[in-house]
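Okay, structure first, notes after.
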Amino acid sequence: MKEIRTDITVVGGGPAGLAAAVEAKRQGAEKVLLIERDFELGGVLQQCIHDGFGLHRFKRRMSGAEYAQKFIDECEASGVEVFTDTMVLEITKDRELYACNSTDGMMHIQSGAIILAMGCRERTAGQILLLGARPSGVMTAGSVQRYINMEGYLPGTRAVILGSGDIGLIMARRMTLEGIQVEGVYEVMPNPGGLTRNIVQCLEDYNIPLHLSSTVSFVHGRDTLEGVTVAKLDENRKVIKETERYVPCDLLVLAVGLIPENELSKGAGIELDPKTRGPVVDQDFMTCVPGIFAAGNVAAVFDLVDYVSQSAEIAARGAVKFIRGEKKADAPLCDVKLDGNVNFVIPQKVEASFEGTREFFMRVKKPDAETVLQCTTEGEPCGRALYQRVAPPEMLACEVSGVKNGDLTISVAPRG
Amino acid sequence: MKEYTCIVCPRSCRITVEEKDGELVITGNTCKRGYEFAKNEYTDPKRMLTTTVKVTGGVLPRIPVISTQEVPKDRLEDCLKVLYGLELKAPVQYGEIICENILGTGVDIKASRTLQAK
Ligand SMILES: Cc1cc2nc3c(=O)[nH]c(=O)nc-3n(C[C@H](O)[C@H](O)[C@H](O)COP(=O)(O)OP(=O)(O)OC[C@H]3O[C@@H](n4cnc5c(N)ncnc54)[C@H](O)[C@@H]3O)c2cc1C
Ligand code: SF4
């Protein structure tokens with residue numbers, strides 16, 4: 001088995017991995033290795049050809065591929081070592097990685113620190129209760145996106161979309177432009193899952209109907225998809241029989257959510273947060289396993305790529321401090337306390353001795369208007385942001401500084 | 001009368017635009033930015049254009065492209081037709097102009113990534 005030693009190994013070459021590797025180099029780490037299982041870097045961004053990326057960071061409306069290209073170019077110039085077509089199979093709590101590819105075979109990589117950046121997975125038909133047959137033609141929005149935008153295939157002619165997450169909305173427009181007829185988007189919840197911007201520009205612009213409190217109640221077709229039964233749901237999310245309607249289609253697109261990709265993390269004994277479904281991390285995005293950090297969508301589903309890059313840079317700075325012995329492996333940790341309309345926060349913990357400034361990211365439980373996000377430490381303010389409107393699909397971010405003795409409470413509440 | 005959902009900020013105001021005696025009457029917006037948004041949507045709606053173009057000899061069969069500015073909404077479909085008719089040869093560099101001044105709109109279409117030859 002090939003033996004490799006690195007200062008920092010980054011797992012996953014999407015925007016999180018790229019930003020982490022580049023920042024680790026910038027901070028002076030010597031041997032930084034970036035491992036990606038695909039044939040090229042860029043991650044999910046390579047299939048996101050639509051604009052709307054980089055508004056925060058580059059103040060410009062870029063496509064996902066463009067945003068990725070910026071980081072790929074930086075990564076190439078920075079002296080990061082890159083292995084593509086290489087799969088990480090296992091990570092141990094002692095910061096060893098096992099990986100393999102077709103030229104080097106199995107590799108054993110011992111690292112000073114590891115940054116996890118494996119992104120997330122889409123929920124599939126098996127994870128939602130989809131009744132009926134299991135024909136071909138049922139696929140996730142991300143797969144449809146990769147087929148159309150990268151591989152040049154049209155996977156159907158008439159589509160129904162289940163779920164109104166942003167990926168589903170983006171694909172409704174994309175399929176329409178490619179000549180696939182989109183019959184409608186069906187959302188189980190009474191509110192859309194995606195951003196209003198996408199509802200307007202992807203559905204309303206193309207007169208694609210959005211059916212809220214509705215679902216696909218049956219899938220028809222033996223080998224290939226022939227159609228679906230759609231129906232309205234009552235308050236208890238039960239199908240209202242009289243509203244059932246048959247819709248012929250040869251493509252059912254599932255846009256029913258993302259889950260952090262955590263097989264490797266679990267294997268390393270990393271504690272996961274049931275809310276974010278990603279690792280529990282401290283203010284430097286270090287997991288409970290010393291020297292293993294998590295960044296981007298593997299840590300929590302961020303949606304906004306600018307936040308993904310930001311989290312990765314924080315993690316990289318933490319990792320460099322760790323290999324220099326400036327970050328303790330066993331520092332006592334305190335839980336970040338939540339108040340009011342906050343559903344979850346990441347980082348979930350802070351070191352009791354934490355000083356300086358860090359970014360915290362959160363989602364609210366329910367929509368609200370005229371709200372204030374308030375961070376307090378020992379009764380004193382340590383971060384604040386005002387929002388005209390908050391809603392669960394929009395992640396909030398807030399800079400926090402001057403936390404005392406690890407006491408941090410974050411609340412989102414109506415103003416005044 | 002036309003109704004729009006303002007997408008400038010997450011507040012998502014419903015704004016209506018009406019023409020009265022040759023003047024625009026805009027209501028429902030909470031702020032000035034919403035006013036501008038609705039006015040533009042009514043008089044001259046524009047959108048960014050993103051799609052893919054066929055490539056031969058590359059590591060992938062298609063390359064993503066993006067407009068350098070927004071294109072009038074009612075020209076989008078014709079612009080797409082032009083782009084679907086193109087065929088590029090790899091390698092293509094990020095930022096390379098794929099189609100200059102597409103259909104006289106004054107907007108260029110550029111490659112939004114680098115695509116190496118196979
Ligand atoms: C359809 C869609 C539309 C989006 N639209 C927008 C938008 O309009 N604006 C915006 O700001 N954001 C948008 N996003 C979000 C943005 O793309 C993501 O937040 C971002 O790509 C996440 O970055 P990441 O690096 O964490 O994960 P990814 O991009 O998923 O990268 C993870 C990488 O890790 C690799 N990997 C995983 N496991 C292993 C392993 N074991 N070994 C080796 N490599 C591995 C994967 O191959 C992948 O390349 C969108 C996302 C999607 C899916
Ligand atoms: S009108 Fe103003 S407040 Fe309302 S959505 Fe538009 S920008 Fe936001």
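Here, A, B, ... name the chains of the structure tokens in the order displayed, residue numbers run from 1 inside each chain, and ligands are numbered from 1 in the same displayed order.
For ligand 2, the set of protein, DNA and RNA residues within 6 Å, based on only C-alpha atoms and all ligand atoms, reads B:Cys6, B:Ile7, B:Val8, B:Cys9, B:Pro10, B:Arg11, B:Ser12, B:Cys13, B:Asn29, B:Thr30, B:Cys31, B:Arg33, B:Gly34.
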Limited to N, CA, C and O atoms, could you put the picked residues into a file as a PDB file, in the first residue's frame?
```
ATOM      1  N   CYS B   6     -41.994  41.038  -5.870  1.00  0.00           N
ATOM      2  CA  CYS B   6     -40.677  41.671  -5.856  1.00  0.00           C
ATOM      3  C   CYS B   6     -39.642  40.655  -5.352  1.00  0.00           C
ATOM      4  O   CYS B   6     -39.852  39.990  -4.338  1.00  0.00           O
ATOM      5  N   ILE B   7     -38.536  40.526  -6.079  1.00  0.00           N
ATOM      6  CA  ILE B   7     -37.515  39.551  -5.675  1.00  0.00           C
ATOM      7  C   ILE B   7     -36.226  40.253  -5.248  1.00  0.00           C
ATOM      8  O   ILE B   7     -35.189  39.631  -5.106  1.00  0.00           O
ATOM      9  N   VAL B   8     -36.312  41.563  -5.024  1.00  0.00           N
ATOM     10  CA  VAL B   8     -35.092  42.290  -4.641  1.00  0.00           C
ATOM     11  C   VAL B   8     -34.641  41.905  -3.234  1.00  0.00           C
ATOM     12  O   VAL B   8     -33.464  41.765  -2.962  1.00  0.00           O
ATOM     13  N   CYS B   9     -35.576  41.721  -2.321  1.00  0.00           N
ATOM     14  CA  CYS B   9     -35.219  41.239  -0.982  1.00  0.00           C
ATOM     15  C   CYS B   9     -36.223  40.162  -0.579  1.00  0.00           C
ATOM     16  O   CYS B   9     -37.255  40.018  -1.219  1.00  0.00           O
ATOM     17  N   PRO B  10     -35.926  39.397   0.490  1.00  0.00           N
ATOM     18  CA  PRO B  10     -36.791  38.247   0.803  1.00  0.00           C
ATOM     19  C   PRO B  10     -38.190  38.617   1.282  1.00  0.00           C
ATOM     20  O   PRO B  10     -39.018  37.743   1.472  1.00  0.00           O
ATOM     21  N   ARG B  11     -38.472  39.872   1.472  1.00  0.00           N
ATOM     22  CA  ARG B  11     -39.801  40.258   1.941  1.00  0.00           C
ATOM     23  C   ARG B  11     -40.897  39.916   0.936  1.00  0.00           C
ATOM     24  O   ARG B  11     -42.063  39.718   1.305  1.00  0.00           O
ATOM     25  N   SER B  12     -40.544  39.861  -0.347  1.00  0.00           N
ATOM     26  CA  SER B  12     -41.454  39.379  -1.395  1.00  0.00           C
ATOM     27  C   SER B  12     -42.762  40.157  -1.502  1.00  0.00           C
ATOM     28  O   SER B  12     -43.841  39.557  -1.531  1.00  0.00           O
ATOM     29  N   CYS B  13     -42.709  41.473  -1.528  1.00  0.00           N
ATOM     30  CA  CYS B  13     -43.934  42.275  -1.656  1.00  0.00           C
ATOM     31  C   CYS B  13     -44.646  41.964  -2.977  1.00  0.00           C
ATOM     32  O   CYS B  13     -44.001  41.753  -3.991  1.00  0.00           O
ATOM     33  N   ASN B  29     -45.477  48.140  -3.131  1.00  0.00           N
ATOM     34  CA  ASN B  29     -44.059  48.061  -2.786  1.00  0.00           C
ATOM     35  C   ASN B  29     -43.824  48.734  -1.432  1.00  0.00           C
ATOM     36  O   ASN B  29     -44.500  49.694  -1.073  1.00  0.00           O
ATOM     37  N   THR B  30     -42.853  48.198  -0.690  1.00  0.00           N
ATOM     38  CA  THR B  30     -42.534  48.776   0.610  1.00  0.00           C
ATOM     39  C   THR B  30     -41.425  49.816   0.467  1.00  0.00           C
ATOM     40  O   THR B  30     -41.306  50.713   1.270  1.00  0.00           O
ATOM     41  N   CYS B  31     -40.596  49.666  -0.560  1.00  0.00           N
ATOM     42  CA  CYS B  31     -39.473  50.589  -0.667  1.00  0.00           C
ATOM     43  C   CYS B  31     -39.197  50.950  -2.129  1.00  0.00           C
ATOM     44  O   CYS B  31     -39.775  50.391  -3.046  1.00  0.00           O
ATOM     45  N   ARG B  33     -36.620  50.384  -3.984  1.00  0.00           N
ATOM     46  CA  ARG B  33     -36.046  49.342  -4.829  1.00  0.00           C
ATOM     47  C   ARG B  33     -37.139  48.495  -5.482  1.00  0.00           C
ATOM     48  O   ARG B  33     -37.018  48.055  -6.613  1.00  0.00           O
ATOM     49  N   GLY B  34     -38.216  48.302  -4.725  1.00  0.00           N
ATOM     50  CA  GLY B  34     -39.344  47.547  -5.257  1.00  0.00           C
ATOM     51  C   GLY B  34     -40.046  48.314  -6.372  1.00  0.00           C
ATOM     52  O   GLY B  34     -40.510  47.721  -7.353  1.00  0.00           O
TER      53      GLY B  34
END
```
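Using only C-alpha atoms, the part of chain B that sits within 7 Å of chain A is made up of Thr5, Ile7, Pro10, Arg11, Ser12, Thr50, Thr51, Thr52, Leu60, Pro61, Arg62, Pro64, Ser112 and Arg113 of chain B.
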Same residues, all heavy atoms, saved as a short mmCIF file (atom, residue, chain, number, x, y, z; two decimals), in the first residue's frame:
```
data_model
loop_
_atom_site.label_atom_id
_atom_site.label_comp_id
_atom_site.auth_asym_id
_atom_site.auth_seq_id
_atom_site.Cartn_x
_atom_site.Cartn_y
_atom_site.Cartn_z
N THR B 5 -44.23 39.75 -8.04
CA THR B 5 -43.66 39.51 -6.73
C THR B 5 -42.26 40.10 -6.75
O THR B 5 -41.45 39.73 -7.59
CB THR B 5 -43.56 38.00 -6.43
OG1 THR B 5 -44.83 37.41 -6.68
CG2 THR B 5 -43.13 37.74 -5.01
N ILE B 7 -38.54 40.53 -6.08
CA ILE B 7 -37.51 39.55 -5.68
C ILE B 7 -36.23 40.25 -5.25
O ILE B 7 -35.19 39.63 -5.11
CB ILE B 7 -37.22 38.54 -6.81
CG1 ILE B 7 -36.76 39.28 -8.07
CG2 ILE B 7 -38.41 37.67 -7.08
CD1 ILE B 7 -36.21 38.34 -9.11
N PRO B 10 -35.93 39.40 0.49
CA PRO B 10 -36.79 38.25 0.80
C PRO B 10 -38.19 38.62 1.28
O PRO B 10 -39.02 37.74 1.47
CB PRO B 10 -36.04 37.52 1.92
CG PRO B 10 -34.68 38.09 1.95
CD PRO B 10 -34.75 39.46 1.36
N ARG B 11 -38.47 39.87 1.47
CA ARG B 11 -39.80 40.26 1.94
C ARG B 11 -40.90 39.92 0.94
O ARG B 11 -42.06 39.72 1.30
CB ARG B 11 -39.80 41.76 2.22
CG ARG B 11 -40.94 42.23 3.05
CD ARG B 11 -40.80 43.72 3.28
NE ARG B 11 -41.99 44.23 3.91
CZ ARG B 11 -41.99 44.78 5.11
NH1 ARG B 11 -40.88 44.88 5.78
NH2 ARG B 11 -43.12 45.24 5.62
N SER B 12 -40.54 39.86 -0.35
CA SER B 12 -41.45 39.38 -1.40
C SER B 12 -42.76 40.16 -1.50
O SER B 12 -43.84 39.56 -1.53
CB SER B 12 -41.80 37.90 -1.20
OG SER B 12 -40.65 37.14 -0.96
N THR B 50 -28.57 31.61 -19.50
CA THR B 50 -27.60 30.53 -19.28
C THR B 50 -28.12 29.28 -19.96
O THR B 50 -29.31 28.97 -19.89
CB THR B 50 -27.39 30.21 -17.78
OG1 THR B 50 -28.63 29.82 -17.21
CG2 THR B 50 -26.83 31.39 -17.02
N THR B 51 -27.24 28.59 -20.66
CA THR B 51 -27.60 27.30 -21.24
C THR B 51 -26.29 26.56 -21.54
O THR B 51 -25.24 26.96 -21.03
CB THR B 51 -28.47 27.48 -22.52
OG1 THR B 51 -28.91 26.19 -22.94
CG2 THR B 51 -27.72 28.15 -23.65
N THR B 52 -26.38 25.50 -22.32
CA THR B 52 -25.15 24.80 -22.72
C THR B 52 -25.07 24.77 -24.24
O THR B 52 -26.08 24.87 -24.92
CB THR B 52 -25.10 23.35 -22.19
OG1 THR B 52 -26.21 22.63 -22.73
CG2 THR B 52 -25.17 23.30 -20.68
N LEU B 60 -16.18 16.64 -21.90
CA LEU B 60 -17.64 16.54 -21.78
C LEU B 60 -18.24 16.97 -23.11
O LEU B 60 -17.62 17.75 -23.85
CB LEU B 60 -18.15 17.47 -20.67
CG LEU B 60 -17.82 17.08 -19.23
CD1 LEU B 60 -18.10 18.23 -18.28
CD2 LEU B 60 -18.60 15.84 -18.80
N PRO B 61 -19.47 16.52 -23.43
CA PRO B 61 -20.07 16.88 -24.73
C PRO B 61 -20.73 18.25 -24.78
O PRO B 61 -21.16 18.67 -25.85
CB PRO B 61 -21.11 15.78 -24.94
CG PRO B 61 -21.47 15.33 -23.58
CD PRO B 61 -20.26 15.52 -22.71
N ARG B 62 -20.86 18.94 -23.62
CA ARG B 62 -21.50 20.26 -23.62
C ARG B 62 -20.72 21.21 -22.73
O ARG B 62 -20.11 20.80 -21.75
CB ARG B 62 -22.95 20.18 -23.13
CG ARG B 62 -23.74 19.08 -23.80
CD ARG B 62 -25.20 19.38 -24.04
NE ARG B 62 -25.58 20.64 -24.60
CZ ARG B 62 -26.04 20.78 -25.83
NH1 ARG B 62 -26.09 19.77 -26.68
NH2 ARG B 62 -26.47 21.95 -26.25
N PRO B 64 -21.16 24.90 -20.49
CA PRO B 64 -22.11 25.92 -20.04
C PRO B 64 -21.69 27.31 -20.51
O PRO B 64 -20.50 27.62 -20.55
CB PRO B 64 -22.05 25.82 -18.52
CG PRO B 64 -20.74 25.21 -18.20
CD PRO B 64 -20.39 24.34 -19.37
N SER B 112 -18.69 29.62 -19.54
CA SER B 112 -18.61 29.86 -18.11
C SER B 112 -17.71 28.86 -17.40
O SER B 112 -17.70 28.79 -16.18
CB SER B 112 -20.00 29.98 -17.48
OG SER B 112 -20.64 28.76 -17.37
N ARG B 113 -16.94 28.08 -18.17
CA ARG B 113 -15.89 27.25 -17.58
C ARG B 113 -14.85 26.95 -18.65
O ARG B 113 -15.07 27.24 -19.82
CB ARG B 113 -16.44 25.94 -17.02
CG ARG B 113 -17.08 25.04 -18.08
CD ARG B 113 -17.31 23.63 -17.58
NE ARG B 113 -16.04 22.90 -17.49
CZ ARG B 113 -15.91 21.70 -16.94
NH1 ARG B 113 -16.95 21.12 -16.39
NH2 ARG B 113 -14.76 21.08 -16.92
#
```
*Between A:His220, A:Lys25, A:Arg123, A:Arg37, which has the minimum distance to ligand 1 (counting only C-alpha atoms and all ligand atoms)?*
A:Arg37
*Hey, what's within 10 Å of Gly95 in chain B if we count only C-alpha atoms and toss same-chain stuff fewer than 5 positions away? As a PyMOL selection string, please?*
(chain A and resi 66) or (chain B and resi 65-66+68+109-114)
Requested write-out: all heavy atoms of the selected residues, as a compact mmCIF listing (two decimals), in the first residue's frame:
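part-v9.txt, written as the output of this step:
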```txt
# COMPACT_ATOMS: atom_id res chain seq x y z
N GLU A 66 -18.91 28.97 -13.24
CA GLU A 66 -17.99 30.10 -13.22
C GLU A 66 -17.36 30.29 -11.84
O GLU A 66 -16.15 30.53 -11.71
CB GLU A 66 -18.81 31.36 -13.55
CG GLU A 66 -18.24 32.26 -14.57
CD GLU A 66 -19.17 33.44 -14.87
OE1 GLU A 66 -20.40 33.36 -14.65
OE2 GLU A 66 -18.63 34.44 -15.32
N VAL B 65 -22.68 28.12 -20.86
CA VAL B 65 -22.41 29.49 -21.30
C VAL B 65 -23.31 30.46 -20.52
O VAL B 65 -24.35 30.06 -20.01
CB VAL B 65 -22.63 29.68 -22.82
CG1 VAL B 65 -21.71 28.77 -23.61
CG2 VAL B 65 -24.08 29.42 -23.19
N ILE B 66 -22.89 31.72 -20.46
CA ILE B 66 -23.66 32.73 -19.72
C ILE B 66 -23.56 34.05 -20.46
O ILE B 66 -22.54 34.34 -21.11
CB ILE B 66 -23.15 32.84 -18.26
CG1 ILE B 66 -24.03 33.77 -17.42
CG2 ILE B 66 -21.69 33.30 -18.20
CD1 ILE B 66 -23.79 33.65 -15.91
N THR B 68 -23.16 38.12 -20.87
CA THR B 68 -22.36 39.09 -20.12
C THR B 68 -23.25 40.11 -19.42
O THR B 68 -22.83 40.75 -18.47
CB THR B 68 -21.39 39.84 -21.06
OG1 THR B 68 -22.13 40.31 -22.19
CG2 THR B 68 -20.27 38.93 -21.55
N ILE B 109 -22.19 36.32 -25.41
CA ILE B 109 -22.34 35.07 -24.68
C ILE B 109 -20.95 34.47 -24.51
O ILE B 109 -20.20 34.33 -25.47
CB ILE B 109 -23.22 34.07 -25.46
CG1 ILE B 109 -24.57 34.70 -25.83
CG2 ILE B 109 -23.41 32.78 -24.67
CD1 ILE B 109 -25.47 35.05 -24.68
N LYS B 110 -20.59 34.15 -23.25
CA LYS B 110 -19.24 33.62 -23.01
C LYS B 110 -19.28 32.25 -22.34
O LYS B 110 -20.26 31.88 -21.69
CB LYS B 110 -18.44 34.61 -22.17
CG LYS B 110 -18.99 34.82 -20.80
CD LYS B 110 -18.07 35.68 -19.94
CE LYS B 110 -18.55 35.60 -18.51
NZ LYS B 110 -17.86 36.45 -17.57
N ALA B 111 -18.18 31.51 -22.49
CA ALA B 111 -18.04 30.21 -21.85
C ALA B 111 -17.93 30.42 -20.35
O ALA B 111 -17.16 31.26 -19.90
CB ALA B 111 -16.81 29.49 -22.37
N SER B 112 -18.69 29.62 -19.54
CA SER B 112 -18.61 29.86 -18.11
C SER B 112 -17.71 28.86 -17.40
O SER B 112 -17.70 28.79 -16.18
CB SER B 112 -20.00 29.98 -17.48
OG SER B 112 -20.64 28.76 -17.37
N ARG B 113 -16.94 28.08 -18.17
CA ARG B 113 -15.89 27.25 -17.58
C ARG B 113 -14.85 26.95 -18.65
O ARG B 113 -15.07 27.24 -19.82
CB ARG B 113 -16.44 25.94 -17.02
CG ARG B 113 -17.08 25.04 -18.08
CD ARG B 113 -17.31 23.63 -17.58
NE ARG B 113 -16.04 22.90 -17.49
CZ ARG B 113 -15.91 21.70 -16.94
NH1 ARG B 113 -16.95 21.12 -16.39
NH2 ARG B 113 -14.76 21.08 -16.92
N THR B 114 -13.75 26.36 -18.21
CA THR B 114 -12.75 25.86 -19.15
C THR B 114 -13.08 24.40 -19.44
O THR B 114 -13.40 23.65 -18.52
CB THR B 114 -11.35 25.98 -18.53
OG1 THR B 114 -11.07 27.36 -18.31
CG2 THR B 114 -10.29 25.38 -19.42
```
Residues near Phe71 in chain A, anyone? I mean within 10 Å using only C-alpha atoms, not counting same-chain ones fewer than 2 positions away, as a compact mmCIF listing (two decimals) with N, CA and C atoms, in the first residue's frame.
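part.txt, written as the output of this step:
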```
# COMPACT_ATOMS: atom_id res chain seq x y z
N GLY A 14 -15.31 20.01 -4.16
CA GLY A 14 -16.34 21.00 -4.48
C GLY A 14 -15.89 22.37 -3.97
N PRO A 15 -16.81 23.34 -3.96
CA PRO A 15 -16.41 24.67 -3.50
C PRO A 15 -15.87 24.68 -2.07
N ALA A 16 -16.39 23.83 -1.21
CA ALA A 16 -15.89 23.79 0.17
C ALA A 16 -14.44 23.29 0.19
N GLY A 17 -14.20 22.17 -0.48
CA GLY A 17 -12.87 21.60 -0.49
C GLY A 17 -11.85 22.52 -1.15
N LEU A 18 -12.26 23.14 -2.25
CA LEU A 18 -11.36 24.06 -2.95
C LEU A 18 -11.00 25.24 -2.06
N ALA A 19 -12.00 25.86 -1.45
CA ALA A 19 -11.74 27.03 -0.61
C ALA A 19 -10.88 26.64 0.59
N ALA A 21 -8.68 24.12 0.81
CA ALA A 21 -7.31 23.82 0.40
C ALA A 21 -6.54 25.10 0.09
N VAL A 22 -7.17 26.01 -0.62
CA VAL A 22 -6.51 27.27 -0.99
C VAL A 22 -6.19 28.08 0.27
N LEU A 41 -12.43 18.77 -10.67
CA LEU A 41 -12.81 19.51 -9.47
C LEU A 41 -14.06 20.34 -9.73
N GLY A 42 -14.66 20.86 -8.69
CA GLY A 42 -15.80 21.77 -8.84
C GLY A 42 -17.06 21.29 -8.14
N GLU A 66 -18.91 28.97 -13.24
CA GLU A 66 -17.99 30.10 -13.22
C GLU A 66 -17.36 30.29 -11.84
N TYR A 67 -18.21 30.18 -10.82
CA TYR A 67 -17.73 30.32 -9.44
C TYR A 67 -16.68 29.24 -9.16
N ALA A 68 -16.99 28.03 -9.60
CA ALA A 68 -16.04 26.93 -9.39
C ALA A 68 -14.73 27.20 -10.12
N GLN A 69 -14.85 27.70 -11.35
CA GLN A 69 -13.65 27.94 -12.16
C GLN A 69 -12.69 28.90 -11.45
N ASP A 73 -8.91 27.69 -10.60
CA ASP A 73 -7.72 28.42 -11.07
C ASP A 73 -6.83 28.80 -9.90
N GLU A 74 -7.46 29.27 -8.82
CA GLU A 74 -6.69 29.65 -7.63
C GLU A 74 -5.99 28.44 -7.03
N CYS A 75 -6.71 27.33 -7.03
CA CYS A 75 -6.17 26.11 -6.45
C CYS A 75 -4.95 25.64 -7.25
N GLU A 76 -5.05 25.71 -8.57
CA GLU A 76 -3.93 25.29 -9.41
C GLU A 76 -2.71 26.19 -9.19
N ALA A 77 -2.96 27.47 -8.98
CA ALA A 77 -1.85 28.42 -8.81
C ALA A 77 -1.23 28.33 -7.42
N SER A 309 -18.12 28.53 1.02
CA SER A 309 -16.71 28.92 0.93
C SER A 309 -16.23 29.52 2.25
```
*Minimum-distance residue to Phe360 in chain A, chosen among A:Gln283, A:Leu338, A:Gly278, A:Ser164 (using only C-alpha atoms)*: A:Gln283
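Across the model, the gap from CA of Phe322 in chain A to CA of Asp104 in chain A is 29.1 Å.
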May I have the residues within 12 Å of Thr43 in chain B as an mmCIF file with N, CA, C and O atoms, in the first residue's frame, using only C-alpha atoms and disregarding those fewer than 4 positions away in the same chain?
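Saved as part19.cif:
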```
data_model
loop_
_atom_site.group_PDB
_atom_site.id
_atom_site.type_symbol
_atom_site.label_atom_id
_atom_site.label_comp_id
_atom_site.auth_asym_id
_atom_site.auth_seq_id
_atom_site.Cartn_x
_atom_site.Cartn_y
_atom_site.Cartn_z
ATOM 1 N N LYS B 2 -50.950 44.745 -13.985
ATOM 2 C CA LYS B 2 -50.117 43.560 -13.844
ATOM 3 C C LYS B 2 -49.602 43.438 -12.415
ATOM 4 O O LYS B 2 -49.349 44.447 -11.763
ATOM 5 N N VAL B 17 -48.834 47.098 -11.021
ATOM 6 C CA VAL B 17 -48.510 48.211 -11.911
ATOM 7 C C VAL B 17 -49.717 48.449 -12.805
ATOM 8 O O VAL B 17 -50.231 47.519 -13.417
ATOM 9 N N GLU B 18 -50.147 49.682 -12.838
ATOM 10 C CA GLU B 18 -51.315 50.045 -13.650
ATOM 11 C C GLU B 18 -50.954 51.246 -14.508
ATOM 12 O O GLU B 18 -50.174 52.097 -14.079
ATOM 13 N N GLU B 19 -51.516 51.301 -15.712
ATOM 14 C CA GLU B 19 -51.283 52.478 -16.532
ATOM 15 C C GLU B 19 -52.531 53.348 -16.497
ATOM 16 O O GLU B 19 -53.611 52.904 -16.887
ATOM 17 N N GLU B 23 -49.569 57.222 -17.485
ATOM 18 C CA GLU B 23 -48.586 57.194 -16.395
ATOM 19 C C GLU B 23 -48.666 55.876 -15.637
ATOM 20 O O GLU B 23 -49.735 55.275 -15.539
ATOM 21 N N LEU B 24 -47.532 55.451 -15.091
ATOM 22 C CA LEU B 24 -47.525 54.208 -14.335
ATOM 23 C C LEU B 24 -47.898 54.473 -12.885
ATOM 24 O O LEU B 24 -47.341 55.351 -12.241
ATOM 25 N N GLU B 36 -38.596 50.428 -8.476
ATOM 26 C CA GLU B 36 -37.744 50.290 -9.668
ATOM 27 C C GLU B 36 -37.903 48.911 -10.300
ATOM 28 O O GLU B 36 -37.981 48.763 -11.516
ATOM 29 N N PHE B 37 -37.939 47.913 -9.418
ATOM 30 C CA PHE B 37 -38.071 46.534 -9.904
ATOM 31 C C PHE B 37 -39.344 46.378 -10.730
ATOM 32 O O PHE B 37 -39.323 45.887 -11.861
ATOM 33 N N ALA B 38 -40.478 46.832 -10.171
ATOM 34 C CA ALA B 38 -41.767 46.660 -10.842
ATOM 35 C C ALA B 38 -41.819 47.465 -12.136
ATOM 36 O O ALA B 38 -42.347 47.004 -13.155
ATOM 37 N N LYS B 39 -41.225 48.665 -12.099
ATOM 38 C CA LYS B 39 -41.223 49.506 -13.283
ATOM 39 C C LYS B 39 -40.462 48.805 -14.420
ATOM 40 O O LYS B 39 -40.931 48.732 -15.554
ATOM 41 N N PRO B 72 -33.170 41.099 -23.024
ATOM 42 C CA PRO B 72 -34.624 41.309 -22.950
ATOM 43 C C PRO B 72 -35.351 39.955 -22.934
ATOM 44 O O PRO B 72 -35.023 39.065 -23.716
ATOM 45 N N LYS B 73 -36.308 39.838 -22.042
ATOM 46 C CA LYS B 73 -36.990 38.563 -21.818
ATOM 47 C C LYS B 73 -37.596 38.002 -23.108
ATOM 48 O O LYS B 73 -37.524 36.794 -23.347
ATOM 49 N N ASP B 74 -38.173 38.879 -23.924
ATOM 50 C CA ASP B 74 -38.852 38.364 -25.124
ATOM 51 C C ASP B 74 -37.859 37.960 -26.227
ATOM 52 O O ASP B 74 -38.272 37.445 -27.265
#
```
*Would you mind listing what lies within 12 Å of Pro155 in chain A as a PyMOL selection string, with only C-alpha atoms counted and same-chain residues fewer than 2 positions away left out?*
chain A and resi 136-141+143-149+151-153+157-159+175+178-181+224-225+249-253
_Polymer residues at most 12 Å from Gly57 in chain B, only C-alpha atoms, same-chain spacing of 5 or more positions, as a PyMOL selection string_ = chain B and resi 62-63+87-92+115-118
*asked:* When you count only C-alpha atoms, which of these residues is closest to Val53 in chain B: B:Thr105, B:Lys20, B:Tyr4, B:Gly85?
replied: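 Counting only C-alpha atoms, the residue closest to Val53 in chain B is B:Gly85.
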*Could you please write out, as an MDAnalysis selection string, every residue of range 134-261 of chain A that DSSP assigns to strand (DSSP E or B)?*
chainID A and resid 136 138:140 158:162 181:186 210:211 214:220 224 227:233 239 245:248 251:254 258:260
_With DSSP run on the backbone, what are the alpha helix (DSSP H) residues within range 140-360 of chain A? I'd like them as a PyMOL selection string._
chain A and resi 141-146+166-177+196-198+263-267+305-323
